[in-house]
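Structure below is start_2.cif: mmCIF, C-alpha atoms (C1' of nucleotides).
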data_coords
#
loop_
_atom_site.group_PDB
_atom_site.id
_atom_site.type_symbol
_atom_site.label_atom_id
_atom_site.label_comp_id
_atom_site.auth_asym_id
_atom_site.auth_seq_id
_atom_site.Cartn_x
_atom_site.Cartn_y
_atom_site.Cartn_z
ATOM 1 C CA MET A 1 0.000 0.000 0.000
ATOM 2 C CA ALA A 2 2.837 2.366 0.791
ATOM 3 C CA ILE A 3 5.065 4.215 -1.663
ATOM 4 C CA PRO A 4 2.176 4.272 -4.138
ATOM 5 C CA LYS A 5 3.169 6.579 -6.956
ATOM 6 C CA THR A 6 6.891 6.674 -6.319
ATOM 7 C CA ASP A 7 7.317 3.075 -7.421
ATOM 8 C CA ARG A 8 8.467 4.211 -10.818
ATOM 9 C CA ALA A 9 11.111 6.417 -9.278
ATOM 10 C CA PHE A 10 12.660 3.478 -7.494
ATOM 11 C CA ASP A 11 12.448 1.337 -10.595
ATOM 12 C CA ALA A 12 14.091 4.121 -12.558
ATOM 13 C CA LEU A 13 16.918 4.699 -10.102
ATOM 14 C CA GLY A 14 17.408 0.968 -9.727
ATOM 15 C CA ASP A 15 19.511 0.951 -12.889
ATOM 16 C CA PRO A 16 23.146 2.103 -12.620
ATOM 17 C CA THR A 17 23.213 3.758 -16.021
ATOM 18 C CA ARG A 18 20.090 5.722 -15.213
ATOM 19 C CA ARG A 19 21.584 6.771 -11.910
ATOM 20 C CA THR A 20 24.631 8.048 -13.748
ATOM 21 C CA ILE A 21 22.460 9.979 -16.176
ATOM 22 C CA PHE A 22 20.418 11.407 -13.363
ATOM 23 C CA GLU A 23 23.483 12.499 -11.434
ATOM 24 C CA ARG A 24 24.848 14.130 -14.525
ATOM 25 C CA LEU A 25 21.699 16.126 -15.045
ATOM 26 C CA ALA A 26 21.931 17.217 -11.429
ATOM 27 C CA GLY A 27 24.910 19.257 -12.625
ATOM 28 C CA GLY A 28 22.797 21.143 -15.134
ATOM 29 C CA PRO A 29 20.654 20.694 -18.264
ATOM 30 C CA LEU A 30 22.160 18.704 -21.123
ATOM 31 C CA SER A 31 21.252 17.609 -24.624
ATOM 32 C CA VAL A 32 21.059 13.929 -25.446
ATOM 33 C CA VAL A 33 24.399 13.765 -27.224
ATOM 34 C CA HIS A 34 26.066 15.443 -24.288
ATOM 35 C CA ILE A 35 24.476 12.993 -21.895
ATOM 36 C CA ALA A 36 25.537 10.035 -24.007
ATOM 37 C CA GLU A 37 29.093 11.344 -24.244
ATOM 38 C CA GLY A 38 31.359 9.309 -22.032
ATOM 39 C CA LEU A 39 28.705 6.749 -21.230
ATOM 40 C CA ALA A 40 29.447 3.142 -22.106
ATOM 41 C CA VAL A 41 26.186 2.643 -23.980
ATOM 42 C CA SER A 42 24.866 3.794 -27.336
ATOM 43 C CA ARG A 43 22.842 6.924 -27.843
ATOM 44 C CA PRO A 44 19.566 5.109 -28.501
ATOM 45 C CA ALA A 45 20.025 3.296 -25.215
ATOM 46 C CA VAL A 46 20.361 6.673 -23.564
ATOM 47 C CA SER A 47 17.132 7.803 -25.184
ATOM 48 C CA GLN A 48 15.357 4.801 -23.736
ATOM 49 C CA HIS A 49 16.724 5.509 -20.282
ATOM 50 C CA LEU A 50 15.676 9.118 -20.562
ATOM 51 C CA ARG A 51 12.141 8.021 -21.253
ATOM 52 C CA VAL A 52 12.020 5.909 -18.114
ATOM 53 C CA LEU A 53 13.440 8.713 -16.011
ATOM 54 C CA ARG A 54 10.930 11.104 -17.509
ATOM 55 C CA GLU A 55 7.983 8.841 -16.819
ATOM 56 C CA ALA A 56 9.177 8.607 -13.234
ATOM 57 C CA ARG A 57 9.070 12.414 -13.071
ATOM 58 C CA LEU A 58 12.721 12.549 -12.144
ATOM 59 C CA ILE A 59 13.715 14.568 -15.198
ATOM 60 C CA ALA A 60 11.941 16.843 -17.655
ATOM 61 C CA MET A 61 12.525 17.674 -21.301
ATOM 62 C CA THR A 62 12.150 20.726 -23.508
ATOM 63 C CA ARG A 63 12.961 20.972 -27.177
ATOM 64 C CA GLU A 64 15.217 23.608 -28.596
ATOM 65 C CA GLY A 65 15.396 23.292 -32.315
ATOM 66 C CA THR A 66 16.524 19.770 -33.054
ATOM 67 C CA ARG A 67 17.910 19.336 -29.607
ATOM 68 C CA SER A 68 16.148 17.805 -26.649
ATOM 69 C CA ILE A 69 17.324 19.435 -23.476
ATOM 70 C CA TYR A 70 16.896 17.329 -20.379
ATOM 71 C CA ARG A 71 16.949 18.664 -16.868
ATOM 72 C CA ILE A 72 16.090 17.703 -13.309
ATOM 73 C CA ASP A 73 12.336 17.712 -12.675
ATOM 74 C CA GLU A 74 12.127 20.005 -9.712
ATOM 75 C CA GLU A 75 8.502 19.261 -8.859
ATOM 76 C CA GLY A 76 8.733 15.522 -9.260
ATOM 77 C CA ILE A 77 11.804 15.300 -7.080
ATOM 78 C CA GLN A 78 10.269 17.478 -4.428
ATOM 79 C CA ALA A 79 7.198 15.259 -4.368
ATOM 80 C CA LEU A 80 9.337 12.155 -4.077
ATOM 81 C CA ARG A 81 11.369 13.753 -1.353
ATOM 82 C CA ASP A 82 8.312 14.725 0.643
ATOM 83 C CA TYR A 83 6.854 11.284 0.330
ATOM 84 C CA LEU A 84 10.042 9.576 1.409
ATOM 85 C CA ASP A 85 10.422 11.882 4.380
ATOM 86 C CA GLY A 86 6.978 10.882 5.539
ATOM 87 C CA PHE A 87 7.667 7.231 4.930
ATOM 88 C CA TRP A 88 10.969 7.224 6.780
ATOM 89 C CA ASN A 89 9.418 9.020 9.700
ATOM 90 C CA VAL A 90 6.541 6.593 9.988
ATOM 91 C CA ALA A 91 8.843 3.609 9.622
ATOM 92 C CA LEU A 92 11.352 4.806 12.198
ATOM 93 C CA ASN A 93 8.659 5.808 14.659
ATOM 94 C CA ARG A 94 7.015 2.425 14.447
ATOM 95 C CA PHE A 95 10.422 0.868 14.799
ATOM 96 C CA ARG A 96 10.997 2.652 18.059
ATOM 97 C CA GLN A 97 7.537 1.909 19.367
ATOM 98 C CA VAL A 98 7.871 -1.767 18.632
ATOM 99 C CA ALA A 99 11.368 -1.822 20.047
ATOM 100 C CA GLU A 100 9.946 -1.016 23.473
ATOM 101 C CA GLN A 101 7.284 -3.722 23.379
ATOM 102 C CA THR A 102 9.703 -6.348 22.104
ATOM 103 C CA GLN A 103 10.206 -7.783 25.601
ATOM 104 C CA THR A 104 6.630 -9.095 25.782
ATOM 105 C CA ASN A 105 5.446 -9.702 22.256
ATOM 106 C CA ARG A 106 7.866 -11.888 20.285
ATOM 107 C CA GLY A 107 8.012 -13.054 16.678
ATOM 108 C CA ALA A 108 5.112 -10.854 15.653
ATOM 109 C CA VAL A 109 1.373 -11.030 14.923
ATOM 110 C CA MET B 1 30.604 9.962 -8.480
ATOM 111 C CA ALA B 2 27.471 10.773 -6.482
ATOM 112 C CA ILE B 3 25.272 8.372 -4.525
ATOM 113 C CA PRO B 4 28.346 6.250 -3.863
ATOM 114 C CA LYS B 5 27.411 3.709 -1.237
ATOM 115 C CA THR B 6 23.646 3.975 -1.547
ATOM 116 C CA ASP B 7 23.646 2.276 -4.916
ATOM 117 C CA ARG B 8 22.678 -1.006 -3.338
ATOM 118 C CA ALA B 9 19.713 0.607 -1.624
ATOM 119 C CA PHE B 10 18.306 1.763 -4.949
ATOM 120 C CA ASP B 11 18.958 -1.586 -6.538
ATOM 121 C CA ALA B 12 17.237 -3.252 -3.604
ATOM 122 C CA LEU B 13 14.177 -1.024 -3.657
ATOM 123 C CA GLY B 14 13.992 -1.266 -7.427
ATOM 124 C CA ASP B 15 12.186 -4.582 -7.092
ATOM 125 C CA PRO B 16 8.447 -4.493 -6.261
ATOM 126 C CA THR B 17 8.534 -7.608 -4.091
ATOM 127 C CA ARG B 18 11.387 -6.199 -2.064
ATOM 128 C CA ARG B 19 9.521 -2.932 -1.664
ATOM 129 C CA THR B 20 6.546 -4.876 -0.312
ATOM 130 C CA ILE B 21 8.751 -6.751 2.125
ATOM 131 C CA PHE B 22 10.410 -3.564 3.231
ATOM 132 C CA GLU B 23 7.099 -1.820 3.766
ATOM 133 C CA ARG B 24 5.860 -4.757 5.775
ATOM 134 C CA LEU B 25 8.870 -4.652 8.051
ATOM 135 C CA ALA B 26 8.205 -0.968 8.539
ATOM 136 C CA GLY B 27 5.167 -2.153 10.511
ATOM 137 C CA GLY B 28 7.319 -4.118 12.918
ATOM 138 C CA PRO B 29 9.780 -7.039 13.133
ATOM 139 C CA LEU B 30 8.729 -10.300 11.509
ATOM 140 C CA SER B 31 10.051 -13.802 11.067
ATOM 141 C CA VAL B 32 10.673 -15.136 7.570
ATOM 142 C CA VAL B 33 7.538 -17.291 7.455
ATOM 143 C CA HIS B 34 5.448 -14.320 8.505
ATOM 144 C CA ILE B 35 7.028 -12.170 5.848
ATOM 145 C CA ALA B 36 6.438 -14.809 3.208
ATOM 146 C CA GLU B 37 2.816 -15.229 4.272
ATOM 147 C CA GLY B 38 0.529 -13.533 1.786
ATOM 148 C CA LEU B 39 3.316 -12.888 -0.686
ATOM 149 C CA ALA B 40 2.972 -14.367 -4.152
ATOM 150 C CA VAL B 41 6.428 -15.923 -4.127
ATOM 151 C CA SER B 42 7.973 -18.919 -2.390
ATOM 152 C CA ARG B 43 9.763 -18.730 0.921
ATOM 153 C CA PRO B 44 13.239 -19.304 -0.537
ATOM 154 C CA ALA B 45 12.611 -16.399 -2.862
ATOM 155 C CA VAL B 46 11.828 -14.298 0.176
ATOM 156 C CA SER B 47 15.089 -15.394 1.770
ATOM 157 C CA GLN B 48 16.963 -14.227 -1.280
ATOM 158 C CA HIS B 49 15.225 -10.876 -1.225
ATOM 159 C CA LEU B 50 15.971 -10.501 2.460
ATOM 160 C CA ARG B 51 19.628 -10.980 1.734
ATOM 161 C CA VAL B 52 19.654 -8.203 -0.829
ATOM 162 C CA LEU B 53 17.803 -5.870 1.509
ATOM 163 C CA ARG B 54 20.208 -6.721 4.289
ATOM 164 C CA GLU B 55 23.287 -6.083 2.172
ATOM 165 C CA ALA B 56 21.794 -2.727 1.307
ATOM 166 C CA ARG B 57 21.546 -1.972 5.024
ATOM 167 C CA LEU B 58 17.827 -1.425 4.733
ATOM 168 C CA ILE B 59 16.940 -4.221 7.132
ATOM 169 C CA ALA B 60 18.709 -6.128 9.893
ATOM 170 C CA MET B 61 18.395 -9.655 11.233
ATOM 171 C CA THR B 62 18.696 -11.335 14.602
ATOM 172 C CA ARG B 63 18.225 -14.999 15.362
ATOM 173 C CA GLU B 64 15.848 -16.248 18.012
ATOM 174 C CA GLY B 65 16.078 -19.982 18.254
ATOM 175 C CA THR B 66 15.361 -21.313 14.802
ATOM 176 C CA ARG B 67 13.685 -18.114 13.745
ATOM 177 C CA SER B 68 15.309 -15.250 11.918
ATOM 178 C CA ILE B 69 13.680 -12.020 12.958
ATOM 179 C CA TYR B 70 14.020 -9.235 10.433
ATOM 180 C CA ARG B 71 13.512 -5.604 11.196
ATOM 181 C CA ILE B 72 14.126 -2.174 9.761
ATOM 182 C CA ASP B 73 17.789 -1.135 9.942
ATOM 183 C CA GLU B 74 17.508 2.137 11.751
ATOM 184 C CA GLU B 75 21.081 3.234 11.175
ATOM 185 C CA GLY B 76 21.236 2.250 7.543
ATOM 186 C CA ILE B 77 18.037 4.057 6.722
ATOM 187 C CA GLN B 78 19.118 7.144 8.580
ATOM 188 C CA ALA B 79 22.376 7.167 6.651
ATOM 189 C CA LEU B 80 20.555 6.784 3.364
ATOM 190 C CA ARG B 81 18.152 9.506 4.344
ATOM 191 C CA ASP B 82 20.900 11.913 5.237
ATOM 192 C CA TYR B 83 22.730 11.232 2.030
ATOM 193 C CA LEU B 84 19.652 11.706 -0.106
ATOM 194 C CA ASP B 85 18.778 14.937 1.657
ATOM 195 C CA GLY B 86 22.197 16.251 0.771
ATOM 196 C CA PHE B 87 21.928 15.046 -2.778
ATOM 197 C CA TRP B 88 18.486 16.524 -3.357
ATOM 198 C CA ASN B 89 19.593 19.837 -1.930
ATOM 199 C CA VAL B 90 22.668 20.036 -4.105
ATOM 200 C CA ALA B 91 20.710 18.988 -7.177
ATOM 201 C CA LEU B 92 17.909 21.459 -6.642
ATOM 202 C CA ASN B 93 20.263 24.288 -5.804
ATOM 203 C CA ARG B 94 22.238 23.714 -8.957
ATOM 204 C CA PHE B 95 18.991 23.502 -10.845
ATOM 205 C CA ARG B 96 17.959 26.924 -9.660
ATOM 206 C CA GLN B 97 21.373 28.447 -10.293
ATOM 207 C CA VAL B 98 21.475 27.150 -13.820
ATOM 208 C CA ALA B 99 17.886 28.182 -14.416
ATOM 209 C CA GLU B 100 18.944 31.808 -14.062
ATOM 210 C CA GLN B 101 21.876 31.553 -16.465
ATOM 211 C CA THR B 102 19.846 29.692 -19.051
ATOM 212 C CA GLN B 103 19.164 32.891 -20.973
ATOM 213 C CA THR B 104 22.809 33.266 -21.969
ATOM 214 C CA ASN B 105 24.375 29.831 -22.030
ATOM 215 C CA ARG B 106 22.321 27.378 -24.083
ATOM 216 C CA GLY B 107 22.582 23.654 -24.713
ATOM 217 C CA ALA B 108 25.401 23.214 -22.253
ATOM 218 C CA VAL B 109 28.885 21.761 -22.451
ATOM 219 C "C1'" DT C 1 17.152 21.862 -52.415
ATOM 220 C "C1'" DT C 2 20.460 19.293 -50.623
ATOM 221 C "C1'" DT C 3 23.248 17.900 -46.675
ATOM 222 C "C1'" DA C 4 24.148 17.393 -41.714
ATOM 223 C "C1'" DT C 5 22.735 17.050 -36.908
ATOM 224 C "C1'" DT C 6 19.837 15.501 -33.629
ATOM 225 C "C1'" DG C 7 17.193 12.132 -31.407
ATOM 226 C "C1'" DG C 8 13.171 9.050 -31.051
ATOM 227 C "C1'" DT C 9 11.293 4.350 -32.404
ATOM 228 C "C1'" DA C 10 11.377 -0.635 -34.083
ATOM 229 C "C1'" DA C 11 12.955 -5.184 -34.062
ATOM 230 C "C1'" DG C 12 15.771 -8.556 -32.395
ATOM 231 C "C1'" DT C 13 19.445 -10.390 -29.205
ATOM 232 C "C1'" DT C 14 21.525 -11.058 -24.944
ATOM 233 C "C1'" DT C 15 22.122 -10.762 -20.354
ATOM 234 C "C1'" DG C 16 20.713 -10.251 -15.701
ATOM 235 C "C1'" DT C 17 17.836 -11.601 -12.128
ATOM 236 C "C1'" DA C 18 13.701 -13.219 -9.945
ATOM 237 C "C1'" DC C 19 11.813 -17.480 -9.486
ATOM 238 C "C1'" DT C 20 11.264 -22.556 -8.774
ATOM 239 C "C1'" DT C 21 12.335 -27.207 -6.636
ATOM 240 C "C1'" DA C 22 15.452 -29.847 -4.015
ATOM 241 C "C1'" DC C 23 18.360 -30.267 -0.283
ATOM 242 C "C1'" DG C 24 20.805 -29.717 4.212
ATOM 243 C "C1'" DG C 25 21.637 -27.914 8.707
ATOM 244 C "C1'" DT C 26 20.071 -26.275 13.149
ATOM 245 C "C1'" DA C 27 17.108 -25.675 17.068
ATOM 246 C "C1'" DA C 28 12.907 -26.997 19.538
ATOM 247 C "C1'" DG C 29 9.388 -30.083 20.762
ATOM 248 C "C1'" DT C 30 7.747 -35.133 21.996
ATOM 249 C "C1'" DA D 1 16.430 -40.451 19.755
ATOM 250 C "C1'" DC D 2 13.039 -39.090 16.665
ATOM 251 C "C1'" DT D 3 10.162 -35.770 14.551
ATOM 252 C "C1'" DT D 4 8.855 -31.277 13.331
ATOM 253 C "C1'" DA D 5 9.489 -26.403 12.267
ATOM 254 C "C1'" DC D 6 12.404 -22.911 10.473
ATOM 255 C "C1'" DC D 7 15.356 -20.981 7.028
ATOM 256 C "C1'" DG D 8 19.407 -20.590 4.147
ATOM 257 C "C1'" DT D 9 21.881 -22.253 -0.116
ATOM 258 C "C1'" DA D 10 22.436 -24.626 -4.754
ATOM 259 C "C1'" DA D 11 21.241 -25.487 -9.345
ATOM 260 C "C1'" DG D 12 18.552 -24.720 -13.077
ATOM 261 C "C1'" DT D 13 14.701 -22.178 -15.631
ATOM 262 C "C1'" DA D 14 12.153 -18.453 -17.383
ATOM 263 C "C1'" DC D 15 11.081 -13.942 -18.090
ATOM 264 C "C1'" DA D 16 11.976 -8.934 -18.002
ATOM 265 C "C1'" DA D 17 14.671 -5.366 -19.531
ATOM 266 C "C1'" DA D 18 18.949 -3.359 -21.164
ATOM 267 C "C1'" DC D 19 21.392 -3.297 -25.201
ATOM 268 C "C1'" DT D 20 22.431 -3.366 -30.203
ATOM 269 C "C1'" DT D 21 21.789 -1.960 -35.272
ATOM 270 C "C1'" DA D 22 18.830 -0.038 -38.575
ATOM 271 C "C1'" DC D 23 15.665 3.280 -39.810
ATOM 272 C "C1'" DC D 24 13.006 7.604 -40.063
ATOM 273 C "C1'" DA D 25 11.317 12.330 -38.960
ATOM 274 C "C1'" DA D 26 12.408 17.048 -38.041
ATOM 275 C "C1'" DT D 27 15.126 21.097 -37.792
ATOM 276 C "C1'" DA D 28 19.340 23.706 -39.122
ATOM 277 C "C1'" DA D 29 22.970 24.829 -42.126
ATOM 278 C "C1'" DA D 30 25.094 24.926 -46.998
#

Any chance you could give the structure as structure tokens?
Amino acid sequence: MAIPKTDRAFDALGDPTRRTIFERLAGGPLSVVHIAEGLAVSRPAVSQHLRVLREARLIAMTREGTRSIYRIDEEGIQALRDYLDGFWNVALNRFRQVAEQTQTNRGAV
Amino acid sequence: MAIPKTDRAFDALGDPTRRTIFERLAGGPLSVVHIAEGLAVSRPAVSQHLRVLREARLIAMTREGTRSIYRIDEEGIQALRDYLDGFWNVALNRFRQVAEQTQTNRGAV
DNA sequence: TTTATTGGTAAGTTTGTACTTACGGTAAGT
DNA sequence: ACTTACCGTAAGTACAAACTTACCAATAAA
């Protein structure tokens, strides 16, 4: 039930190449050829990764002539961040609550 | 270069089944059979997932007799959280800085 | 208009990984 | 001692997804 709409973000960042791309865009907007430069994979592969990252709302794209400029998706990341903050808090709070009761109630349920 | 040691966490949470397991443990410590209960996959599969989550420092394990009790890894999660907070901040700050210069310097380098 | 850049899509291959069954080892009941 | 419950590992399979090459559309430059 938890982490409902952020699933795609985790899927997206689960791939090393996509993480690299994402980190690179964190340094500023780049065109596709610039992103692909220095990466071990072909440019079409990069395009496919960019699509996944975009669908996860981690990056955004605007066209400028023939170029596609990709950049960090400020809103999407903020949303993800907010959600995770809430999730961590809930998880850690429950953890501490349960930690106190652990003496009596073992092995759960 | 970024997200250096948290790579495993993203890989781990990139799998839906592992996300489900993780979310379940956020509700309190559970033994392996309890974790596997209600999941669509076999118990050995769960064991394998637990290993990945453990190596990513997202969960921790303690033995109690024959049972392995898994729980949220408080420290690991806190570390991940701290790192991500830093990363998001840097990324979004750079984003805003670059957004202002975008008028002059196009398409990047 | 022709010629280059740029980059997205299609089709097919390959590789990684999530899964299964089978097994073994350990601790707790009886 | 025997049986049962718990859980990790091994080996093999199957499927998802990351990659390739080939192709095409669109804009910019000549």

Check what the PyMOL selection byres ((chain C) within 8 of (chain A)) selects in the file above and give those residues as a JSON list (two decimals) with C-alpha atoms (C1' of nucleotides), keeping the file's coordinate frame.
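Final output, selection-v8.json:
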[["chain", "number", "residue", "atom", "x", "y", "z"],
["C", 5, "DT", "C1'", 22.74, 17.05, -36.91],
["C", 6, "DT", "C1'", 19.84, 15.50, -33.63],
["C", 7, "DG", "C1'", 17.19, 12.13, -31.41],
["C", 8, "DG", "C1'", 13.17, 9.05, -31.05]]

All in-order C-alpha pairs, least squares, chain B moved onto chain A. Output the fitted coordinates as a CSV table (one decimal) with C-alpha atoms, keeping the file's coordinate frame, please.
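This went into part-v8.csv:
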chain,number,residue,atom,x,y,z
B,1,MET,CA,0.0,0.1,0.1
B,2,ALA,CA,2.9,2.5,0.9
B,3,ILE,CA,5.1,4.2,-1.6
B,4,PRO,CA,2.2,4.3,-4.1
B,5,LYS,CA,3.2,6.6,-6.9
B,6,THR,CA,7.0,6.6,-6.3
B,7,ASP,CA,7.4,3.1,-7.4
B,8,ARG,CA,8.5,4.2,-10.8
B,9,ALA,CA,11.2,6.4,-9.3
B,10,PHE,CA,12.7,3.5,-7.5
B,11,ASP,CA,12.5,1.3,-10.6
B,12,ALA,CA,14.2,4.1,-12.5
B,13,LEU,CA,17.0,4.7,-10.1
B,14,GLY,CA,17.5,1.0,-9.7
B,15,ASP,CA,19.6,0.9,-12.9
B,16,PRO,CA,23.2,2.1,-12.6
B,17,THR,CA,23.3,3.8,-16.0
B,18,ARG,CA,20.1,5.7,-15.2
B,19,ARG,CA,21.7,6.8,-11.9
B,20,THR,CA,24.7,8.1,-13.8
B,21,ILE,CA,22.5,10.0,-16.2
B,22,PHE,CA,20.5,11.4,-13.4
B,23,GLU,CA,23.5,12.5,-11.4
B,24,ARG,CA,24.9,14.2,-14.5
B,25,LEU,CA,21.7,16.1,-15.1
B,26,ALA,CA,22.0,17.2,-11.5
B,27,GLY,CA,25.0,19.3,-12.7
B,28,GLY,CA,22.8,21.2,-15.2
B,29,PRO,CA,20.7,20.7,-18.3
B,30,LEU,CA,22.1,18.7,-21.2
B,31,SER,CA,21.2,17.6,-24.6
B,32,VAL,CA,21.0,13.9,-25.4
B,33,VAL,CA,24.3,13.8,-27.3
B,34,HIS,CA,26.0,15.4,-24.4
B,35,ILE,CA,24.4,13.0,-21.9
B,36,ALA,CA,25.5,10.1,-24.1
B,37,GLU,CA,29.0,11.4,-24.4
B,38,GLY,CA,31.3,9.4,-22.1
B,39,LEU,CA,28.7,6.8,-21.3
B,40,ALA,CA,29.5,3.2,-22.2
B,41,VAL,CA,26.2,2.7,-24.0
B,42,SER,CA,24.8,3.8,-27.4
B,43,ARG,CA,22.8,6.9,-27.9
B,44,PRO,CA,19.5,5.1,-28.5
B,45,ALA,CA,20.0,3.3,-25.2
B,46,VAL,CA,20.3,6.7,-23.5
B,47,SER,CA,17.1,7.8,-25.2
B,48,GLN,CA,15.3,4.8,-23.7
B,49,HIS,CA,16.7,5.5,-20.2
B,50,LEU,CA,15.7,9.1,-20.5
B,51,ARG,CA,12.1,8.0,-21.2
B,52,VAL,CA,12.0,5.9,-18.1
B,53,LEU,CA,13.5,8.7,-16.0
B,54,ARG,CA,11.0,11.1,-17.5
B,55,GLU,CA,8.0,8.8,-16.7
B,56,ALA,CA,9.2,8.6,-13.2
B,57,ARG,CA,9.1,12.4,-13.0
B,58,LEU,CA,12.8,12.5,-12.1
B,59,ILE,CA,13.7,14.6,-15.2
B,60,ALA,CA,12.0,16.8,-17.6
B,61,MET,CA,12.5,17.6,-21.3
B,62,THR,CA,12.1,20.7,-23.5
B,63,ARG,CA,12.9,20.9,-27.2
B,64,GLU,CA,15.2,23.6,-28.6
B,65,GLY,CA,15.3,23.2,-32.4
B,66,THR,CA,16.4,19.7,-33.1
B,67,ARG,CA,17.8,19.3,-29.6
B,68,SER,CA,16.1,17.8,-26.6
B,69,ILE,CA,17.3,19.4,-23.5
B,70,TYR,CA,16.9,17.3,-20.4
B,71,ARG,CA,17.0,18.7,-16.9
B,72,ILE,CA,16.1,17.7,-13.3
B,73,ASP,CA,12.4,17.7,-12.7
B,74,GLU,CA,12.2,20.0,-9.7
B,75,GLU,CA,8.6,19.3,-8.8
B,76,GLY,CA,8.8,15.6,-9.2
B,77,ILE,CA,11.9,15.3,-7.1
B,78,GLN,CA,10.4,17.5,-4.4
B,79,ALA,CA,7.3,15.3,-4.3
B,80,LEU,CA,9.4,12.2,-4.1
B,81,ARG,CA,11.4,13.8,-1.3
B,82,ASP,CA,8.4,14.8,0.7
B,83,TYR,CA,6.9,11.3,0.4
B,84,LEU,CA,10.1,9.6,1.4
B,85,ASP,CA,10.5,11.9,4.4
B,86,GLY,CA,7.0,10.9,5.5
B,87,PHE,CA,7.7,7.3,4.9
B,88,TRP,CA,11.0,7.2,6.8
B,89,ASN,CA,9.5,9.0,9.7
B,90,VAL,CA,6.6,6.6,10.0
B,91,ALA,CA,8.8,3.6,9.6
B,92,LEU,CA,11.3,4.8,12.2
B,93,ASN,CA,8.7,5.8,14.6
B,94,ARG,CA,7.0,2.5,14.4
B,95,PHE,CA,10.4,0.9,14.8
B,96,ARG,CA,11.0,2.6,18.0
B,97,GLN,CA,7.5,1.9,19.4
B,98,VAL,CA,7.8,-1.7,18.6
B,99,ALA,CA,11.3,-1.8,20.0
B,100,GLU,CA,9.9,-1.0,23.5
B,101,GLN,CA,7.2,-3.7,23.3
B,102,THR,CA,9.6,-6.4,22.1
B,103,GLN,CA,10.1,-7.7,25.6
B,104,THR,CA,6.5,-9.0,25.8
B,105,ASN,CA,5.3,-9.7,22.3
B,106,ARG,CA,7.7,-11.9,20.4
B,107,GLY,CA,7.9,-13.1,16.8
B,108,ALA,CA,4.9,-11.0,15.8
B,109,VAL,CA,1.6,-11.7,14.1

10 Å contacts from chain B to chain A using only C-alpha atoms, as an mmCIF file with C-alpha atoms, in the frame of the given file:
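This went into part-v9.cif:
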data_model
loop_
_atom_site.group_PDB
_atom_site.id
_atom_site.type_symbol
_atom_site.label_atom_id
_atom_site.label_comp_id
_atom_site.auth_asym_id
_atom_site.auth_seq_id
_atom_site.Cartn_x
_atom_site.Cartn_y
_atom_site.Cartn_z
ATOM 1 C CA MET B 1 30.604 9.962 -8.480
ATOM 2 C CA ALA B 2 27.471 10.773 -6.482
ATOM 3 C CA ILE B 3 25.272 8.372 -4.525
ATOM 4 C CA ASP B 7 23.646 2.276 -4.916
ATOM 5 C CA ARG B 8 22.678 -1.006 -3.338
ATOM 6 C CA ALA B 9 19.713 0.607 -1.624
ATOM 7 C CA PHE B 10 18.306 1.763 -4.949
ATOM 8 C CA ASP B 11 18.958 -1.586 -6.538
ATOM 9 C CA ALA B 12 17.237 -3.252 -3.604
ATOM 10 C CA LEU B 13 14.177 -1.024 -3.657
ATOM 11 C CA GLY B 14 13.992 -1.266 -7.427
ATOM 12 C CA ASP B 15 12.186 -4.582 -7.092
ATOM 13 C CA PRO B 16 8.447 -4.493 -6.261
ATOM 14 C CA ARG B 19 9.521 -2.932 -1.664
ATOM 15 C CA THR B 20 6.546 -4.876 -0.312
ATOM 16 C CA PHE B 22 10.410 -3.564 3.231
ATOM 17 C CA GLU B 23 7.099 -1.820 3.766
ATOM 18 C CA ARG B 24 5.860 -4.757 5.775
ATOM 19 C CA LEU B 25 8.870 -4.652 8.051
ATOM 20 C CA ALA B 26 8.205 -0.968 8.539
ATOM 21 C CA GLY B 27 5.167 -2.153 10.511
ATOM 22 C CA GLY B 28 7.319 -4.118 12.918
ATOM 23 C CA PRO B 29 9.780 -7.039 13.133
ATOM 24 C CA LEU B 30 8.729 -10.300 11.509
ATOM 25 C CA SER B 31 10.051 -13.802 11.067
ATOM 26 C CA VAL B 32 10.673 -15.136 7.570
ATOM 27 C CA HIS B 34 5.448 -14.320 8.505
ATOM 28 C CA GLU B 64 15.848 -16.248 18.012
ATOM 29 C CA ARG B 67 13.685 -18.114 13.745
ATOM 30 C CA SER B 68 15.309 -15.250 11.918
ATOM 31 C CA ILE B 69 13.680 -12.020 12.958
ATOM 32 C CA TYR B 70 14.020 -9.235 10.433
ATOM 33 C CA ARG B 71 13.512 -5.604 11.196
ATOM 34 C CA ILE B 72 14.126 -2.174 9.761
ATOM 35 C CA ASP B 73 17.789 -1.135 9.942
ATOM 36 C CA GLU B 74 17.508 2.137 11.751
ATOM 37 C CA GLU B 75 21.081 3.234 11.175
ATOM 38 C CA ILE B 77 18.037 4.057 6.722
ATOM 39 C CA GLN B 78 19.118 7.144 8.580
ATOM 40 C CA ARG B 81 18.152 9.506 4.344
ATOM 41 C CA LEU B 84 19.652 11.706 -0.106
ATOM 42 C CA ASP B 85 18.778 14.937 1.657
ATOM 43 C CA PHE B 87 21.928 15.046 -2.778
ATOM 44 C CA TRP B 88 18.486 16.524 -3.357
ATOM 45 C CA ASN B 89 19.593 19.837 -1.930
ATOM 46 C CA VAL B 90 22.668 20.036 -4.105
ATOM 47 C CA ALA B 91 20.710 18.988 -7.177
ATOM 48 C CA LEU B 92 17.909 21.459 -6.642
ATOM 49 C CA ASN B 93 20.263 24.288 -5.804
ATOM 50 C CA ARG B 94 22.238 23.714 -8.957
ATOM 51 C CA PHE B 95 18.991 23.502 -10.845
ATOM 52 C CA ARG B 96 17.959 26.924 -9.660
ATOM 53 C CA GLN B 97 21.373 28.447 -10.293
ATOM 54 C CA VAL B 98 21.475 27.150 -13.820
ATOM 55 C CA ALA B 99 17.886 28.182 -14.416
ATOM 56 C CA THR B 102 19.846 29.692 -19.051
ATOM 57 C CA ARG B 106 22.321 27.378 -24.083
ATOM 58 C CA GLY B 107 22.582 23.654 -24.713
ATOM 59 C CA ALA B 108 25.401 23.214 -22.253
ATOM 60 C CA VAL B 109 28.885 21.761 -22.451
#
